[in-house]
>>> print(open('my_file.cif').read())   # mmCIF, C-alpha atoms
data_query
#
loop_
_atom_site.label_atom_id
_atom_site.label_comp_id
_atom_site.auth_asym_id
_atom_site.auth_seq_id
_atom_site.Cartn_x
_atom_site.Cartn_y
_atom_site.Cartn_z
CA MET A 1 0.00 0.00 0.00
CA THR A 2 2.82 2.40 0.84
CA ILE A 3 4.60 1.79 -2.46
CA TRP A 4 1.31 2.28 -4.32
CA THR A 5 0.66 5.50 -2.40
CA LEU A 6 4.14 6.83 -3.22
CA ALA A 7 3.73 5.91 -6.88
CA ASN A 8 0.22 7.34 -7.32
CA PRO A 9 -1.10 10.74 -6.15
CA GLU A 10 -4.43 9.28 -5.05
CA ALA A 11 -6.39 10.61 -2.10
CA PHE A 12 -6.03 8.54 1.06
CA ARG A 13 -9.78 7.87 1.00
CA THR A 14 -9.33 6.13 -2.38
CA VAL A 15 -6.22 4.30 -1.17
CA ALA A 16 -8.08 3.01 1.89
CA ASP A 17 -10.91 1.73 -0.28
CA ARG A 18 -8.50 0.12 -2.75
CA PHE A 19 -6.69 -1.83 -0.04
CA GLY A 20 -9.74 -2.70 2.07
CA MET A 21 -9.01 -0.43 5.03
CA THR A 22 -11.77 0.93 7.22
CA ASN A 23 -10.98 4.63 6.74
CA ARG A 24 -8.46 7.07 5.30
CA GLY A 25 -7.00 7.78 8.74
CA LEU A 26 -5.81 4.19 9.06
CA ALA A 27 -4.33 4.28 5.56
CA HIS A 28 -2.47 7.49 6.37
CA TYR A 29 -1.24 6.07 9.68
CA CYS A 30 0.13 2.94 7.99
CA PHE A 31 1.71 4.95 5.18
CA ILE A 32 3.56 7.30 7.55
CA ASN A 33 4.80 4.47 9.75
CA ILE A 34 6.09 2.42 6.83
CA CYS A 35 7.85 5.50 5.42
CA ARG A 36 9.42 5.99 8.84
CA ARG A 37 10.69 2.40 8.81
CA LEU A 38 12.05 2.83 5.29
CA LYS A 39 13.85 5.99 6.37
CA CYS A 40 15.32 4.41 9.52
CA ASP A 41 16.06 0.87 8.30
CA LEU A 42 16.42 0.89 4.50
CA TYR A 43 17.80 4.35 3.72
CA PRO A 44 21.10 4.00 5.66
CA SER A 45 21.94 0.77 3.83
CA VAL A 46 21.20 1.86 0.24
CA VAL A 47 21.94 5.62 0.17
CA VAL A 48 25.62 5.40 1.09
CA TRP A 49 28.75 7.31 0.16
CA PRO A 50 30.94 5.25 -2.20
CA SER A 51 34.03 3.44 -1.02
CA ALA A 52 37.45 4.15 -2.52
CA SER A 53 36.99 1.38 -5.09
CA ASP A 54 33.48 2.61 -5.95
CA CYS A 55 34.87 6.14 -6.41
CA SER A 56 37.44 4.81 -8.87
CA THR A 57 34.72 2.94 -10.76
CA ALA A 58 32.58 6.08 -10.98
CA VAL A 59 35.55 8.15 -12.17
CA ASN A 60 36.28 5.63 -14.94
CA GLU A 61 32.63 5.45 -15.99
CA PHE A 62 32.14 9.24 -16.12
CA GLU A 63 35.32 9.72 -18.13
CA ALA A 64 34.44 6.89 -20.54
CA ARG A 65 30.90 8.17 -21.09
CA TYR A 66 31.35 11.93 -21.02
CA GLY A 67 35.08 12.60 -21.26
CA PHE A 68 35.23 14.52 -17.97
CA PRO A 69 38.00 13.31 -15.62
CA GLY A 70 37.84 12.75 -11.86
CA VAL A 71 34.06 12.78 -11.43
CA VAL A 72 32.67 10.72 -8.54
CA GLY A 73 29.15 12.16 -8.67
CA CYS A 74 26.96 15.10 -9.63
CA ILE A 75 25.06 17.38 -7.25
CA ASP A 76 21.91 19.42 -7.78
CA GLY A 77 18.74 20.61 -6.06
CA CYS A 78 15.12 19.78 -6.76
CA HIS A 79 11.95 21.35 -5.36
CA ILE A 80 9.36 18.96 -3.92
CA PRO A 81 5.98 20.76 -3.59
CA VAL A 82 4.40 20.58 -0.12
CA LYS A 83 1.66 22.29 1.85
CA ALA A 84 3.42 25.11 3.69
CA PRO A 85 3.05 25.21 7.49
CA SER A 86 0.61 27.95 8.45
CA GLY A 87 3.03 29.41 10.99
CA ASP A 88 6.00 29.67 8.60
CA ARG A 89 4.59 29.81 5.10
CA ASP A 90 7.01 32.38 3.65
CA SER A 91 10.06 30.21 4.39
CA TYR A 92 8.69 27.46 2.16
CA ILE A 93 7.82 29.58 -0.87
CA CYS A 94 10.43 28.87 -3.54
CA ARG A 95 11.48 31.23 -6.30
CA LYS A 96 8.89 29.60 -8.58
CA GLY A 97 6.12 30.81 -6.27
CA PHE A 98 4.91 27.61 -4.62
CA PRO A 99 5.69 26.06 -1.22
CA SER A 100 8.30 23.33 -1.38
CA VAL A 101 11.14 21.45 0.27
CA ASN A 102 14.55 21.82 -1.36
CA LEU A 103 15.96 18.34 -1.95
CA MET A 104 19.72 18.37 -2.51
CA ALA A 105 21.13 15.12 -3.87
CA VAL A 106 24.34 13.64 -5.22
CA CYS A 107 24.12 10.75 -7.67
CA ASP A 108 26.70 8.56 -9.38
CA HIS A 109 26.99 7.49 -13.03
CA ARG A 110 24.13 4.97 -12.54
CA LYS A 111 21.73 7.71 -11.35
CA LYS A 112 21.90 6.12 -7.92
CA PHE A 113 21.71 8.56 -5.01
CA ILE A 114 24.82 8.48 -2.83
CA TYR A 115 23.78 11.44 -0.65
CA THR A 116 20.55 13.36 -0.06
CA TYR A 117 19.59 16.27 2.18
CA SER A 118 15.94 17.31 2.37
CA ASP A 119 15.73 19.37 5.57
CA SER A 120 15.72 22.81 3.95
CA PRO A 121 12.62 24.84 3.01
CA GLY A 122 12.02 25.91 -0.56
CA SER A 123 13.16 29.50 -0.07
CA ALA A 124 16.71 28.36 0.72
CA HIS A 125 19.17 28.81 -2.14
CA ASP A 126 21.13 25.77 -3.30
CA SER A 127 24.40 27.14 -1.93
CA ASN A 128 22.83 27.72 1.50
CA VAL A 129 21.40 24.20 1.50
CA LEU A 130 24.86 22.85 0.73
CA HIS A 131 26.49 24.82 3.55
CA ALA A 132 23.83 23.63 6.01
CA SER A 133 24.55 19.97 5.25
CA GLU A 134 27.30 17.69 6.49
CA LEU A 135 28.44 17.30 2.90
CA GLY A 136 28.92 21.06 2.62
CA ILE A 137 31.16 21.11 5.68
CA LYS A 138 33.40 18.39 4.25
CA LEU A 139 33.52 20.10 0.86
CA THR A 140 34.43 23.48 2.37
CA GLU A 141 37.17 21.91 4.48
CA ASP A 142 38.40 19.95 1.43
CA ARG A 143 38.25 16.58 3.20
CA LEU A 144 35.58 14.83 1.17
CA PHE A 145 37.96 12.78 -1.00
CA VAL A 146 41.30 11.19 -0.21
CA ASN A 147 42.35 11.54 -3.85
CA ASP A 148 42.84 15.21 -4.80
CA GLU A 149 41.90 14.37 -8.40
CA HIS A 150 38.36 13.36 -7.40
CA HIS A 151 35.47 15.81 -7.27
CA LEU A 152 31.76 16.41 -7.73
CA LEU A 153 30.15 18.37 -10.55
CA GLY A 154 27.59 21.06 -9.80
CA ASP A 155 25.96 23.99 -11.57
CA SER A 156 26.90 27.61 -10.98
CA ALA A 157 24.45 27.89 -8.08
CA TYR A 158 27.16 26.21 -6.01
CA PRO A 159 30.55 27.66 -5.02
CA LEU A 160 33.71 26.60 -6.83
CA LEU A 161 35.72 24.35 -4.49
CA PRO A 162 38.59 21.89 -5.01
CA SER A 163 36.16 18.99 -4.58
CA LEU A 164 33.22 20.70 -6.33
CA ILE A 165 33.79 21.81 -9.91
CA VAL A 166 31.27 24.26 -11.37
CA PRO A 167 31.16 25.76 -14.89
CA PHE A 168 32.81 29.00 -15.94
CA ARG A 169 30.59 32.03 -15.55
CA ASP A 170 29.31 33.25 -18.90
CA ASN A 171 30.21 36.94 -18.92
CA GLY A 172 30.06 37.23 -22.68
CA HIS A 173 33.83 36.89 -23.08
CA MET A 174 34.37 33.15 -22.70
CA SER A 175 37.24 31.54 -24.56
CA PRO A 176 36.66 28.52 -26.85
CA LEU A 177 38.31 26.30 -24.21
CA GLU A 178 35.96 27.58 -21.51
CA MET A 179 32.91 27.05 -23.72
CA ARG A 180 34.04 23.51 -24.52
CA PHE A 181 34.60 22.88 -20.81
CA ASN A 182 31.08 24.11 -19.97
CA THR A 183 29.52 21.95 -22.68
CA ILE A 184 31.21 18.75 -21.51
CA HIS A 185 30.55 19.71 -17.87
CA SER A 186 26.84 20.23 -18.58
CA THR A 187 26.55 16.93 -20.46
CA ALA A 188 28.14 14.98 -17.60
CA ARG A 189 26.15 16.82 -14.93
CA SER A 190 22.83 16.05 -16.64
CA VAL A 191 22.91 12.61 -15.01
CA VAL A 192 21.60 14.09 -11.75
CA GLU A 193 18.72 15.79 -13.57
CA ARG A 194 17.83 12.43 -15.10
CA ALA A 195 18.00 10.89 -11.64
CA PHE A 196 15.46 13.43 -10.38
CA GLY A 197 13.32 12.65 -13.41
CA LEU A 198 13.38 8.94 -12.58
CA LEU A 199 12.59 9.65 -8.93
CA LYS A 200 9.56 11.78 -9.72
CA GLY A 201 8.47 9.48 -12.52
CA LYS A 202 8.35 6.42 -10.28
CA PHE A 203 7.11 8.13 -7.13
CA ARG A 204 4.64 10.68 -8.44
CA ARG A 205 3.44 11.69 -4.99
CA LEU A 206 6.64 13.75 -4.83
CA LYS A 207 5.04 16.08 -7.37
CA GLY A 208 2.86 17.33 -4.50
CA LEU A 209 3.12 16.11 -0.89
CA ASP A 210 -0.09 16.65 1.05
CA VAL A 211 1.66 17.22 4.39
CA THR A 212 2.15 20.30 6.55
CA ARG A 213 4.33 18.83 9.33
CA THR A 214 7.91 19.84 8.63
CA ASP A 215 9.24 16.45 9.79
CA LEU A 216 7.06 14.30 7.54
CA ALA A 217 8.06 15.67 4.13
CA PRO A 218 11.82 14.90 4.48
CA MET A 219 10.97 11.43 5.80
CA ILE A 220 8.75 10.63 2.79
CA ILE A 221 11.35 12.07 0.39
CA ASP A 222 14.17 10.01 1.92
CA ALA A 223 12.03 6.85 1.83
CA SER A 224 11.38 7.48 -1.88
CA CYS A 225 15.09 8.03 -2.58
CA ALA A 226 15.89 4.73 -0.86
CA LEU A 227 13.28 2.90 -2.95
CA HIS A 228 14.65 4.62 -6.07
CA ASN A 229 18.05 3.07 -5.37
CA VAL A 230 16.48 -0.34 -4.78
CA CYS A 231 14.73 -0.09 -8.16
CA LEU A 232 18.04 0.68 -9.87
CA MET A 233 19.69 -2.29 -8.15
CA VAL A 234 16.94 -4.59 -9.42
CA ASP A 235 16.64 -3.13 -12.91
CA LYS A 236 19.97 -1.71 -14.04
CA CYS A 237 18.67 -1.10 -17.55
CA ASN A 238 15.86 1.25 -16.52
CA ASP A 239 16.42 4.65 -18.08
CA GLU A 240 12.97 6.22 -18.25
CA LEU A 241 12.41 9.94 -17.87
CA SER A 242 9.42 11.63 -16.30
CA ASP A 243 7.91 14.85 -17.65
CA ASP A 244 9.96 16.78 -15.08
CA PRO A 245 13.57 15.68 -15.64
CA VAL A 246 15.30 18.76 -14.28
CA GLY A 247 16.28 20.23 -10.94
CA ASN A 248 15.23 23.57 -9.54
CA GLY A 249 17.05 25.63 -12.15
CA ASP A 250 18.82 28.01 -9.76
CA ASP A 251 21.68 28.27 -12.22
CA PHE A 252 23.40 31.48 -11.24
CA GLU A 253 26.60 32.15 -9.39
CA VAL A 254 26.60 33.38 -5.81
CA THR A 255 29.25 35.93 -4.95
CA GLY A 256 30.17 37.81 -1.80
CA ASN A 257 32.95 38.74 0.58
CA VAL A 258 35.43 35.95 1.37
CA THR A 259 38.15 35.53 3.98
CA ARG A 260 41.82 34.98 3.14
CA ALA A 261 41.49 31.23 3.78
CA GLU A 262 38.42 31.01 1.56
CA ALA A 263 40.26 32.95 -1.14
CA ALA A 264 43.13 30.43 -0.99
CA VAL A 265 40.69 27.52 -1.36
CA LYS A 266 38.98 29.27 -4.27
CA GLU A 267 42.32 29.88 -5.98
CA LYS A 268 43.22 26.20 -5.59
CA ALA A 269 39.86 25.28 -7.12
CA LYS A 270 40.41 27.68 -10.06
CA LEU A 271 43.82 26.15 -10.78
CA LYS A 272 42.31 22.66 -10.72
CA ARG A 273 39.45 23.69 -13.02
CA ASN A 274 41.89 25.32 -15.46
CA ALA A 275 44.03 22.19 -15.48
CA ILE A 276 40.97 20.07 -16.30
CA MET A 277 39.92 22.54 -19.02
CA ASN A 278 43.34 22.21 -20.68
CA ARG A 279 43.04 18.41 -20.62
CA LEU A 280 39.65 18.27 -22.36
#
>>> encode(input="my_file.cif", output="structure tokens")
Amino acid sequence: MTIWTLANPEAFRTVADRFGMTNRGLAHYCFINICRRLKCDLYPSVVVWPSASDCSTAVNEFEARYGFPGVVGCIDGCHIPVKAPSGDRDSYICRKGFPSVNLMAVCDHRKKFIYTYSDSPGSAHDSNVLHASELGIKLTEDRLFVNDEHHLLGDSAYPLLPSLIVPFRDNGHMSPLEMRFNTIHSTARSVVERAFGLLKGKFRRLKGLDVTRTDLAPMIIDASCALHNVCLMVDKCNDELSDDPVGNGDDFEVTGNVTRAEAAVKEKAKLKRNAIMNRL
């Protein structure tokens, strides 16, 4: 019943009738409790950061498929519509004008999620969501990967870091090498958009969660991400796309004042990006 409910945006009254339950309250109670078990028991075992050998496999696969070296995974954000809490509605209104939860996820070359973070409201920018997460702390401190050649790919909504490579900013004066870099970068990074498309295509309730409690939406999202990974493990050839195969589209660079240490990290990241650009 829970899998059906995640896959179909039916009202709980209809779900209860379909599965022979006495009322919609019981159906909702069962659904929430099973999602909680999926979050607590299944999620930690299937949404896991890759080992050193898995990182090497991902790097080889990304380079073979897209020609971009050193890529372990791709990161992006996706808005999951929800009913905004009455006491804090403005925080959940995203830039597209509807209440949502900002799901940040990292996926590998198989479109399998290796990290998700869904505790931020829709008004939070992608870069702020990243900094609020444990992943963001490790990225900022440059201790996410043992191998300095490994990194994630993200769009220009994220900061340029040694372990997070973003495209060159298009200021109207890009060189041919920079444009080629951005094209290959965008092609490789599209895997995470396809992962979101698969997630929403399989679990269509994520196109509009009928919950107002701020703790329930992330739990349902994480349960769906775990089931998404299970589906990919069972059917490795599945490559369908939903009608919403993209992230939240916050594709603009965030700038601001930086400290001397942050400037040094940014300079290291620029040198690494330039070295990759010259290799492509």
>>> closest_residue(input="my_file.cif", among="A:Thr212, A:Thr116, A:Ser156, A:Thr183", to="Pro44 of chain A", atoms="only C-alpha atoms")
A:Thr116
>>> resolve_selection(input="my_file.cif", expression="the PyMOL selection byres ((chain A and resi 62) around 12)", output="ChimeraX atom specification")
/A:55-61,63-74,107-111,150-153,184-185,187-191
>>> resolve_selection(input="my_file.cif", expression="the PyMOL selection byres ((chain A and resi 120-123) around 6)", output="PyMOL selection string")
chain A and resi 91-94+100-102+118-119+124
>>> residues_around(input="my_file.cif", residues="segment 28-40 of chain A", least_positions_apart="6", cutoff="8 Å", atoms="only C-alpha atoms", output="list in words")
Met1, Thr2, Thr5, Phe12, Leu216, Met219, Ile220, Asp222, Ala223 and Ala226 of chain A
>>> resolve_selection(input="my_file.cif", expression="the PyMOL selection byres ((chain A and resi 166) around 7)", output="VMD selection string")
chain A and resid 153 to 156 160 164 to 165 167 to 168
>>> decode(input="my_file.cif", residues="segment 198-244 of chain A", atoms="C-alpha atoms", output="PDB file, in the first residue's frame")
ATOM      1  CA  LEU A 198      13.376   8.941 -12.578  1.00  0.00           C
ATOM      2  CA  LEU A 199      12.589   9.646  -8.931  1.00  0.00           C
ATOM      3  CA  LYS A 200       9.555  11.782  -9.716  1.00  0.00           C
ATOM      4  CA  GLY A 201       8.472   9.481 -12.518  1.00  0.00           C
ATOM      5  CA  LYS A 202       8.354   6.422 -10.280  1.00  0.00           C
ATOM      6  CA  PHE A 203       7.108   8.131  -7.126  1.00  0.00           C
ATOM      7  CA  ARG A 204       4.641  10.681  -8.438  1.00  0.00           C
ATOM      8  CA  ARG A 205       3.437  11.685  -4.987  1.00  0.00           C
ATOM      9  CA  LEU A 206       6.639  13.747  -4.827  1.00  0.00           C
ATOM     10  CA  LYS A 207       5.044  16.076  -7.372  1.00  0.00           C
ATOM     11  CA  GLY A 208       2.862  17.328  -4.503  1.00  0.00           C
ATOM     12  CA  LEU A 209       3.123  16.110  -0.888  1.00  0.00           C
ATOM     13  CA  ASP A 210      -0.095  16.648   1.052  1.00  0.00           C
ATOM     14  CA  VAL A 211       1.665  17.218   4.395  1.00  0.00           C
ATOM     15  CA  THR A 212       2.146  20.300   6.553  1.00  0.00           C
ATOM     16  CA  ARG A 213       4.327  18.827   9.328  1.00  0.00           C
ATOM     17  CA  THR A 214       7.906  19.836   8.625  1.00  0.00           C
ATOM     18  CA  ASP A 215       9.245  16.454   9.791  1.00  0.00           C
ATOM     19  CA  LEU A 216       7.059  14.302   7.537  1.00  0.00           C
ATOM     20  CA  ALA A 217       8.060  15.673   4.126  1.00  0.00           C
ATOM     21  CA  PRO A 218      11.819  14.896   4.476  1.00  0.00           C
ATOM     22  CA  MET A 219      10.971  11.425   5.805  1.00  0.00           C
ATOM     23  CA  ILE A 220       8.751  10.627   2.789  1.00  0.00           C
ATOM     24  CA  ILE A 221      11.350  12.068   0.390  1.00  0.00           C
ATOM     25  CA  ASP A 222      14.170  10.009   1.919  1.00  0.00           C
ATOM     26  CA  ALA A 223      12.034   6.851   1.827  1.00  0.00           C
ATOM     27  CA  SER A 224      11.381   7.479  -1.883  1.00  0.00           C
ATOM     28  CA  CYS A 225      15.092   8.034  -2.575  1.00  0.00           C
ATOM     29  CA  ALA A 226      15.892   4.735  -0.861  1.00  0.00           C
ATOM     30  CA  LEU A 227      13.284   2.895  -2.951  1.00  0.00           C
ATOM     31  CA  HIS A 228      14.645   4.618  -6.070  1.00  0.00           C
ATOM     32  CA  ASN A 229      18.053   3.068  -5.371  1.00  0.00           C
ATOM     33  CA  VAL A 230      16.483  -0.341  -4.782  1.00  0.00           C
ATOM     34  CA  CYS A 231      14.732  -0.090  -8.159  1.00  0.00           C
ATOM     35  CA  LEU A 232      18.044   0.677  -9.874  1.00  0.00           C
ATOM     36  CA  MET A 233      19.692  -2.286  -8.153  1.00  0.00           C
ATOM     37  CA  VAL A 234      16.941  -4.589  -9.416  1.00  0.00           C
ATOM     38  CA  ASP A 235      16.639  -3.127 -12.914  1.00  0.00           C
ATOM     39  CA  LYS A 236      19.970  -1.711 -14.042  1.00  0.00           C
ATOM     40  CA  CYS A 237      18.667  -1.097 -17.553  1.00  0.00           C
ATOM     41  CA  ASN A 238      15.861   1.246 -16.517  1.00  0.00           C
ATOM     42  CA  ASP A 239      16.424   4.654 -18.078  1.00  0.00           C
ATOM     43  CA  GLU A 240      12.965   6.225 -18.247  1.00  0.00           C
ATOM     44  CA  LEU A 241      12.405   9.938 -17.870  1.00  0.00           C
ATOM     45  CA  SER A 242       9.425  11.629 -16.297  1.00  0.00           C
ATOM     46  CA  ASP A 243       7.914  14.846 -17.648  1.00  0.00           C
ATOM     47  CA  ASP A 244       9.964  16.781 -15.076  1.00  0.00           C
TER      48      ASP A 244
END
